[in-house]
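K.L.:
Please find data14.cif (mmCIF, C-alpha atoms) on the next line:
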```
data_start
loop_
_atom_site.label_atom_id
_atom_site.label_comp_id
_atom_site.auth_asym_id
_atom_site.auth_seq_id
_atom_site.Cartn_x
_atom_site.Cartn_y
_atom_site.Cartn_z
CA MET Q 1 21.43 111.99 71.83
CA TYR Q 2 19.85 115.36 72.55
CA LEU Q 3 21.03 118.07 70.15
CA CYS Q 4 21.61 121.31 72.01
CA THR Q 5 22.66 124.24 69.85
CA GLN Q 6 20.00 126.76 70.80
CA ASN Q 7 22.07 129.03 73.03
CA MET Q 8 23.56 131.11 70.25
CA GLU Q 9 24.98 133.87 72.48
CA TYR Q 10 27.87 131.53 73.37
CA LYS Q 11 30.88 132.89 71.57
CA SER Q 12 32.54 129.75 70.32
CA ASN Q 13 34.40 128.79 67.18
CA LEU Q 14 33.29 125.19 67.68
CA HIS Q 15 30.85 123.94 65.08
CA ALA Q 16 27.34 123.03 66.15
CA SER Q 17 27.35 119.65 67.84
CA ALA Q 18 25.41 117.57 70.32
CA TRP Q 19 26.26 118.90 73.78
CA ARG Q 20 25.15 117.02 76.88
CA ILE Q 21 25.92 116.77 80.56
CA PRO Q 22 27.55 113.35 80.97
CA ALA Q 23 26.74 110.78 83.60
CA GLU Q 24 29.24 110.64 86.44
CA TRP Q 25 30.26 107.07 85.58
CA GLU Q 26 31.52 108.07 82.12
CA PRO Q 27 35.31 108.33 81.61
CA GLN Q 28 36.88 111.18 83.57
CA TRP Q 29 39.96 113.34 83.11
CA GLY Q 30 40.19 114.19 86.78
CA VAL Q 31 38.63 115.44 90.00
CA GLN Q 32 38.91 118.78 91.80
CA LEU Q 33 39.46 119.06 95.54
CA THR Q 34 39.36 122.50 97.12
CA TRP Q 35 41.67 121.95 100.08
CA PRO Q 36 40.78 122.86 103.70
CA HIS Q 37 42.79 125.72 105.18
CA ALA Q 38 42.93 127.79 108.34
CA LYS Q 39 40.64 130.56 107.06
CA THR Q 40 37.72 128.19 106.51
CA ASP Q 41 35.27 126.73 109.00
CA TRP Q 42 37.56 123.70 109.17
CA ALA Q 43 40.09 125.63 111.28
CA PRO Q 44 39.17 123.99 114.64
CA MET Q 45 39.60 120.50 113.17
CA LEU Q 46 42.09 121.13 110.39
CA GLU Q 47 44.31 118.14 111.13
CA GLU Q 48 41.36 115.74 111.19
CA ILE Q 49 39.75 116.97 107.96
CA THR Q 50 43.11 117.16 106.19
CA ALA Q 51 43.66 113.47 106.90
CA THR Q 52 40.30 112.69 105.25
CA TYR Q 53 41.15 114.82 102.23
CA GLU Q 54 44.51 113.10 101.93
CA GLU Q 55 42.75 109.74 101.85
CA MET Q 56 40.36 110.93 99.14
CA ALA Q 57 43.23 112.44 97.17
CA SER Q 58 45.25 109.23 97.36
CA GLU Q 59 42.39 107.13 95.98
CA ILE Q 60 41.66 109.59 93.18
CA LYS Q 61 45.32 109.88 92.14
CA LYS Q 62 45.52 106.11 91.69
CA ARG Q 63 43.00 106.35 88.87
CA GLU Q 64 42.97 109.81 87.29
CA GLU Q 65 44.24 113.37 87.50
CA LEU Q 66 43.78 115.37 90.70
CA LEU Q 67 43.32 119.14 90.65
CA VAL Q 68 44.00 120.59 94.10
CA VAL Q 69 43.02 124.19 94.85
CA ARG Q 70 44.71 125.68 97.91
CA ASP Q 71 44.21 128.73 100.13
CA ILE Q 72 42.07 130.89 97.80
CA SER Q 73 38.54 129.85 98.76
CA ASP Q 74 35.88 130.70 101.29
CA ASP Q 75 35.23 127.01 101.83
CA THR Q 76 35.95 123.62 100.31
CA TRP Q 77 32.73 122.38 98.71
CA ALA Q 78 34.01 121.90 95.16
CA ARG Q 79 30.79 120.18 94.10
CA ASP Q 80 28.93 123.45 94.46
CA HIS Q 81 31.44 126.10 93.40
CA GLY Q 82 33.17 124.05 90.69
CA PHE Q 83 32.52 124.06 86.96
CA ILE Q 84 29.65 121.96 85.63
CA SER Q 85 30.93 120.27 82.48
CA LEU Q 86 29.29 119.41 79.20
CA VAL Q 87 30.78 117.29 76.43
CA ASP Q 88 29.94 116.91 72.76
CA ASP Q 89 30.33 114.20 70.16
CA GLN Q 90 33.48 115.82 68.74
CA GLY Q 91 35.68 115.50 71.82
CA HIS Q 92 35.17 118.96 73.31
CA ARG Q 93 34.42 120.08 76.86
CA ARG Q 94 32.29 123.08 77.82
CA LEU Q 95 32.88 124.55 81.30
CA LEU Q 96 29.75 126.19 82.72
CA ASP Q 97 30.49 128.76 85.42
CA PHE Q 98 27.30 129.28 87.39
CA CYS Q 99 26.85 131.62 90.34
CA PHE Q 100 27.51 130.09 93.74
CA ASN Q 101 26.04 132.26 96.50
CA GLY Q 102 26.57 130.16 99.61
CA TRP Q 103 23.41 128.06 99.24
CA GLY Q 104 21.01 130.97 99.10
CA GLU Q 105 23.21 133.60 100.79
CA LYS Q 106 23.62 131.57 103.98
CA PHE Q 107 27.44 131.80 103.97
CA PRO Q 108 30.16 134.01 102.42
CA ALA Q 109 31.00 132.84 98.91
CA SER Q 110 32.69 135.65 96.95
CA GLN Q 111 36.05 133.88 96.69
CA ASP Q 112 34.39 130.58 95.84
CA ASN Q 113 32.36 132.28 93.13
CA ALA Q 114 35.50 133.75 91.53
CA LEU Q 115 37.43 130.48 91.64
CA ASN Q 116 36.38 128.98 88.31
CA ARG Q 117 37.42 132.02 86.29
CA TYR Q 118 40.75 132.05 88.10
CA LEU Q 119 41.39 128.37 87.40
CA TYR Q 120 40.45 128.80 83.76
CA ASP Q 121 42.71 131.83 83.33
CA GLN Q 122 45.56 129.84 84.89
CA GLY Q 123 45.08 127.10 82.31
CA ALA Q 124 44.26 124.52 84.98
CA ILE Q 125 41.31 123.07 83.04
CA GLU Q 126 40.90 122.60 79.32
CA GLY Q 127 37.59 123.53 77.74
CA GLU Q 128 35.36 126.28 76.46
CA TYR Q 129 34.53 128.74 79.27
CA VAL Q 130 30.85 129.73 79.43
CA ASP Q 131 29.72 132.56 81.72
CA CYS Q 132 26.48 131.54 83.46
CA LEU Q 133 27.01 133.78 86.49
CA ASP Q 134 23.57 135.37 86.17
CA PHE Q 135 22.02 132.07 87.33
CA VAL Q 136 22.53 130.34 90.69
CA LEU Q 137 23.19 126.61 90.37
CA GLU Q 138 25.17 124.20 92.54
CA GLY Q 139 26.58 120.97 91.18
CA GLY Q 140 25.15 119.00 94.08
CA SER Q 141 21.64 120.05 93.11
CA ILE Q 142 21.53 118.12 89.82
CA GLU Q 143 22.03 114.53 88.62
CA SER Q 144 22.37 113.49 84.97
CA ASP Q 145 21.93 110.13 83.28
CA GLY Q 146 24.05 111.35 80.35
CA ARG Q 147 21.13 110.78 77.96
CA GLY Q 148 19.10 113.96 78.33
CA THR Q 149 17.44 113.49 81.73
CA VAL Q 150 18.43 115.71 84.65
CA PHE Q 151 17.09 115.11 88.17
CA ALA Q 152 16.66 117.99 90.63
CA THR Q 153 14.71 118.90 93.75
CA THR Q 154 12.17 121.69 93.98
CA GLY Q 155 13.20 122.22 97.60
CA CYS Q 156 16.62 123.42 96.52
CA LEU Q 157 16.15 125.09 93.16
CA LEU Q 158 13.03 126.96 94.23
CA ALA Q 159 14.47 127.93 97.63
CA PRO Q 160 14.74 131.60 98.67
CA HIS Q 161 17.68 133.69 97.50
CA ARG Q 162 18.59 131.40 94.60
CA ASN Q 163 16.90 132.60 91.42
CA GLN Q 164 13.84 134.57 92.49
CA PRO Q 165 11.60 135.88 91.04
CA LEU Q 166 11.92 133.17 88.37
CA THR Q 167 9.10 130.63 88.38
CA LYS Q 168 9.59 126.87 88.35
CA ALA Q 169 8.80 126.83 84.62
CA GLU Q 170 11.36 129.56 83.95
CA ILE Q 171 14.01 127.79 86.02
CA GLU Q 172 13.31 124.54 84.20
CA ALA Q 173 13.65 126.27 80.84
CA ARG Q 174 17.00 127.74 81.87
CA LEU Q 175 18.25 124.36 83.11
CA LYS Q 176 17.30 122.72 79.83
CA GLN Q 177 19.01 125.45 77.88
CA GLU Q 178 22.29 125.58 79.80
CA LEU Q 179 22.60 121.85 80.54
CA CYS Q 180 21.31 120.77 77.12
CA ALA Q 181 18.78 118.57 78.87
CA GLU Q 182 15.71 117.17 77.20
CA ARG Q 183 13.75 116.96 80.44
CA ILE Q 184 13.95 117.72 84.16
CA LEU Q 185 12.52 115.21 86.64
CA TRP Q 186 11.60 117.17 89.75
CA ILE Q 187 11.63 115.57 93.19
CA ASP Q 188 9.31 117.39 95.58
CA HIS Q 189 10.23 115.70 98.88
CA GLY Q 190 13.30 114.86 100.92
CA ASN Q 191 15.60 117.02 102.99
CA LEU Q 192 18.01 115.67 105.57
CA THR Q 193 18.03 117.22 109.02
CA GLY Q 194 21.08 119.46 109.33
CA ASP Q 195 21.44 119.96 105.58
CA ASP Q 196 22.31 123.55 104.65
CA THR Q 197 21.59 123.08 100.95
CA ASP Q 198 17.78 122.94 101.03
CA GLY Q 199 17.78 119.39 99.73
CA HIS Q 200 20.63 118.71 97.31
CA ILE Q 201 19.80 115.69 95.23
CA ASP Q 202 23.25 114.16 95.77
CA THR Q 203 22.31 113.59 99.40
CA LEU Q 204 19.03 111.88 98.46
CA VAL Q 205 18.84 110.20 95.04
CA ARG Q 206 21.58 109.09 92.63
CA ILE Q 207 21.18 107.84 89.08
CA CYS Q 208 23.28 104.78 88.21
CA PRO Q 209 23.83 102.73 85.04
CA ASN Q 210 20.93 100.69 83.71
CA ASP Q 211 18.35 103.17 85.02
CA ILE Q 212 18.93 102.30 88.68
CA LEU Q 213 18.02 104.96 91.23
CA LEU Q 214 19.85 104.58 94.54
CA TYR Q 215 17.92 106.59 97.09
CA VAL Q 216 17.99 107.24 100.81
CA GLY Q 217 15.23 105.53 102.76
CA CYS Q 218 14.12 105.54 106.35
CA ASP Q 219 12.36 102.61 108.04
CA ASP Q 220 11.92 104.15 111.49
CA PRO Q 221 8.54 105.92 111.86
CA ALA Q 222 9.91 107.71 114.91
CA ASP Q 223 12.63 109.38 112.83
CA GLU Q 224 11.85 113.03 112.03
CA GLN Q 225 12.83 112.40 108.40
CA TYR Q 226 10.59 109.35 107.93
CA ALA Q 227 7.44 110.93 106.51
CA ASP Q 228 9.13 113.16 103.95
CA LEU Q 229 11.46 110.42 102.73
CA LYS Q 230 8.50 108.07 102.39
CA LEU Q 231 6.78 110.66 100.18
CA MET Q 232 9.98 110.91 98.13
CA GLU Q 233 10.02 107.13 97.72
CA GLU Q 234 6.42 107.12 96.50
CA GLN Q 235 7.17 109.85 93.99
CA LEU Q 236 10.20 107.97 92.63
CA LYS Q 237 7.88 105.04 91.90
CA THR Q 238 5.98 107.27 89.46
CA PHE Q 239 9.06 108.26 87.44
CA ARG Q 240 9.58 106.75 84.01
CA THR Q 241 12.60 106.58 81.75
CA MET Q 242 12.57 108.21 78.32
CA GLU Q 243 11.43 104.83 77.01
CA GLY Q 244 8.46 104.85 79.39
CA LYS Q 245 9.77 102.18 81.75
CA PRO Q 246 9.89 102.49 85.57
CA TYR Q 247 13.28 103.01 87.16
CA GLN Q 248 14.80 100.22 89.21
CA LEU Q 249 14.62 101.58 92.77
CA VAL Q 250 17.23 100.50 95.33
CA LYS Q 251 16.88 101.87 98.85
CA LEU Q 252 20.03 102.75 100.74
CA PRO Q 253 19.95 102.51 104.54
CA MET Q 254 19.78 105.59 106.69
CA PRO Q 255 22.76 105.93 109.05
CA ARG Q 256 21.82 105.98 112.70
CA PRO Q 257 21.65 109.61 113.91
CA ILE Q 258 25.00 111.33 114.42
CA TYR Q 259 25.08 114.49 116.49
CA ASP Q 260 27.41 117.42 117.03
CA GLU Q 261 26.36 118.55 120.49
CA ASP Q 262 22.58 118.96 120.06
CA TYR Q 263 22.56 119.17 116.26
CA ARG Q 264 21.83 116.21 114.06
CA LEU Q 265 24.27 115.93 111.16
CA PRO Q 266 23.13 115.04 107.60
CA ALA Q 267 24.88 111.69 107.24
CA THR Q 268 23.93 109.91 104.00
CA TYR Q 269 25.22 106.99 101.97
CA ALA Q 270 23.96 108.58 98.74
CA ASN Q 271 26.86 111.04 98.72
CA PHE Q 272 29.31 108.74 96.95
CA LEU Q 273 31.71 109.70 94.13
CA VAL Q 274 32.07 107.67 90.96
CA ILE Q 275 35.55 107.81 89.41
CA ASN Q 276 37.44 105.78 86.84
CA GLY Q 277 37.33 102.18 87.98
CA ALA Q 278 35.99 102.85 91.47
CA VAL Q 279 33.29 104.35 93.64
CA LEU Q 280 34.42 106.23 96.76
CA CYS Q 281 31.71 105.66 99.36
CA PRO Q 282 31.05 107.47 102.64
CA THR Q 283 31.02 105.42 105.83
CA TYR Q 284 30.22 106.46 109.41
CA ALA Q 285 31.70 103.82 111.74
CA GLN Q 286 28.40 101.92 111.77
CA PRO Q 287 29.67 98.53 110.55
CA ASP Q 288 26.33 96.89 109.78
CA LEU Q 289 24.83 99.84 107.90
CA ASP Q 290 28.14 100.76 106.26
CA ALA Q 291 28.46 97.21 104.92
CA GLU Q 292 24.90 97.16 103.62
CA ALA Q 293 25.37 100.50 101.83
CA LEU Q 294 28.64 99.36 100.29
CA ARG Q 295 26.99 96.15 99.09
CA LEU Q 296 24.11 97.97 97.41
CA ILE Q 297 26.36 100.55 95.77
CA GLY Q 298 28.60 97.71 94.60
CA GLU Q 299 25.65 95.95 92.98
CA ALA Q 300 24.79 99.16 91.11
CA PHE Q 301 28.40 99.50 89.92
CA PRO Q 302 29.55 95.88 89.50
CA ASP Q 303 32.49 96.79 87.27
CA ARG Q 304 34.14 99.10 89.84
CA GLU Q 305 36.08 98.78 93.06
CA ILE Q 306 34.06 99.96 96.05
CA VAL Q 307 36.29 102.08 98.30
CA PRO Q 308 35.03 103.11 101.77
CA ILE Q 309 36.03 106.52 103.11
CA ASP Q 310 35.29 107.39 106.75
CA CYS Q 311 33.35 110.66 106.45
CA ARG Q 312 32.65 111.40 110.11
CA SER Q 313 34.97 114.38 109.84
CA ILE Q 314 33.26 115.83 106.75
CA ILE Q 315 29.74 115.70 108.13
CA LYS Q 316 30.79 117.92 111.05
CA GLN Q 317 30.48 120.74 108.50
CA HIS Q 318 27.19 119.29 107.19
CA GLY Q 319 28.44 117.70 103.96
CA SER Q 320 29.93 114.43 102.82
CA LEU Q 321 32.26 112.92 100.25
CA HIS Q 322 30.55 113.88 96.98
CA CYS Q 323 30.11 117.44 98.22
CA CYS Q 324 33.88 117.85 98.49
CA THR Q 325 34.62 116.87 94.90
CA MET Q 326 33.89 117.84 91.30
CA GLN Q 327 34.75 115.57 88.40
CA PHE Q 328 35.73 116.63 84.88
CA PRO Q 329 34.81 114.35 81.99
CA LYS Q 330 37.49 113.02 79.69
CA ILE Q 331 37.65 114.49 76.18
#
```
Translate the structure of the given file into structure tokens.

P.N.:
Amino acid sequence: MYLCTQNMEYKSNLHASAWRIPAEWEPQWGVQLTWPHAKTDWAPMLEEITATYEEMASEIKKREELLVVRDISDDTWARDHGFISLVDDQGHRRLLDFCFNGWGEKFPASQDNALNRYLYDQGAIEGEYVDCLDFVLEGGSIESDGRGTVFATTGCLLAPHRNQPLTKAEIEARLKQELCAERILWIDHGNLTGDDTDGHIDTLVRICPNDILLYVGCDDPADEQYADLKLMEEQLKTFRTMEGKPYQLVKLPMPRPIYDEDYRLPATYANFLVINGAVLCPTYAQPDLDAEALRLIGEAFPDREIVPIDCRSIIKQHGSLHCCTMQFPKI
């Protein structure tokens, strides 16, 4: 376990302990959904997206707590404006409040960025609040194995209007400090057409138990994403665990292209959510590919129920299931 006590400016009465960012499959207290409302971009399709959120909410509530935030946000992407949680070996939770600036100032985000402090002041979430608002970081841009390794993409974290003029080395040092990570594994390729996030890792590569990496692949050389995803695949083959072993690579299928008028939407099977006893998995009304993705995710999580959620509504705003949610670890 990686001992992280170096950030001494944190004003906490908790004794020094081993903080870490847990893996998503570890026990959870609950999940946050920031609900669609008429003042968001969902307004033209509010009934359709609400039905999808109700389905997600129903599945989550069967297994753990559900924190619903209503009518006080710019948008609904809880993965990116929600707290990033750490836990320690003494049963405490640390709530890191990073700056969310609309994926590099692409969209308004002032209400989203104020949401965590509001929820904390309302007593909605238990934990130690940590102000990290001088650093831009979205939850969808990182993946943790719970054992000191954090995965991220250079495309996102080095993108304009995030943390310039910090260098890659400086950003890595800050990530290690705040997330109590021992190392960052950087992925230099992969970005889905239509993705507004500059390559969030939760659309591309997901870490699973037993050092399995589920990643998005593309087998069609005519697809505009083929070359970059092939480079990503080759890079993943070079990654090693902390013990020096290669990861077990499992390629998820690429959904057939889905368009909104002339724009290709960033449909991906990698954007699943792991919760207590289940994995909620995006599907896109492509029965053969949906079934194959569900099978592969099920093999990576054999002890959990695999629950399909039709995400054709969510991708109309260029996200998917994982993007809509943020889990909180159990303490």

K.L.:
For Pro22 of chain Q, find every residue with an atom within 9 Å (counting only C-alpha atoms), except residues of its own chain fewer than 6 positions away, and show them as a VMD selection string.

P.N.:
chain Q and resid 85 to 87 144 to 148 329

K.L.:
Starting from the shown file, work through the PyMOL selection byres ((chain Q and resi 95-107) around 7) and note down what comes out as a ChimeraX atom specification.

P.N.:
/Q:80-81,83-86,93-94,108-109,113,116,127-138,160-162,197

K.L.:
Atom CA of His318 of chain Q to atom CA of Ala43 of chain Q: how many Å, to one decimal?

P.N.:
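The value is 14.9 Å.
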
K.L.:
Separation of atom CA of Met232 of chain Q and atom CA of His189 of chain Q, in Å?

P.N.:
4.9 Å

K.L.:
So how far away is atom CA of Leu280 of chain Q from atom CA of Lys330 of chain Q, in Å?

P.N.:
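Between atom CA of Lys330 of chain Q and atom CA of Leu280 of chain Q the gap is 18.6 Å.
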
K.L.:
Residue by residue, what does the PyMOL selection byres ((chain Q and resi 237) around 8) grab here? Present the result as a PDB file with C-alpha atoms, keeping the file's coordinate frame.

P.N.:
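What follows is the written file selection-v2.pdb:
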```
ATOM      1  CA  GLU Q 233      10.020 107.130  97.720  1.00  0.00           C
ATOM      2  CA  GLU Q 234       6.420 107.120  96.500  1.00  0.00           C
ATOM      3  CA  GLN Q 235       7.170 109.850  93.990  1.00  0.00           C
ATOM      4  CA  LEU Q 236      10.200 107.970  92.630  1.00  0.00           C
ATOM      5  CA  THR Q 238       5.980 107.270  89.460  1.00  0.00           C
ATOM      6  CA  PHE Q 239       9.060 108.260  87.440  1.00  0.00           C
ATOM      7  CA  PRO Q 246       9.890 102.490  85.570  1.00  0.00           C
ATOM      8  CA  TYR Q 247      13.280 103.010  87.160  1.00  0.00           C
ATOM      9  CA  LEU Q 249      14.620 101.580  92.770  1.00  0.00           C
TER      10      LEU Q 249
END
```
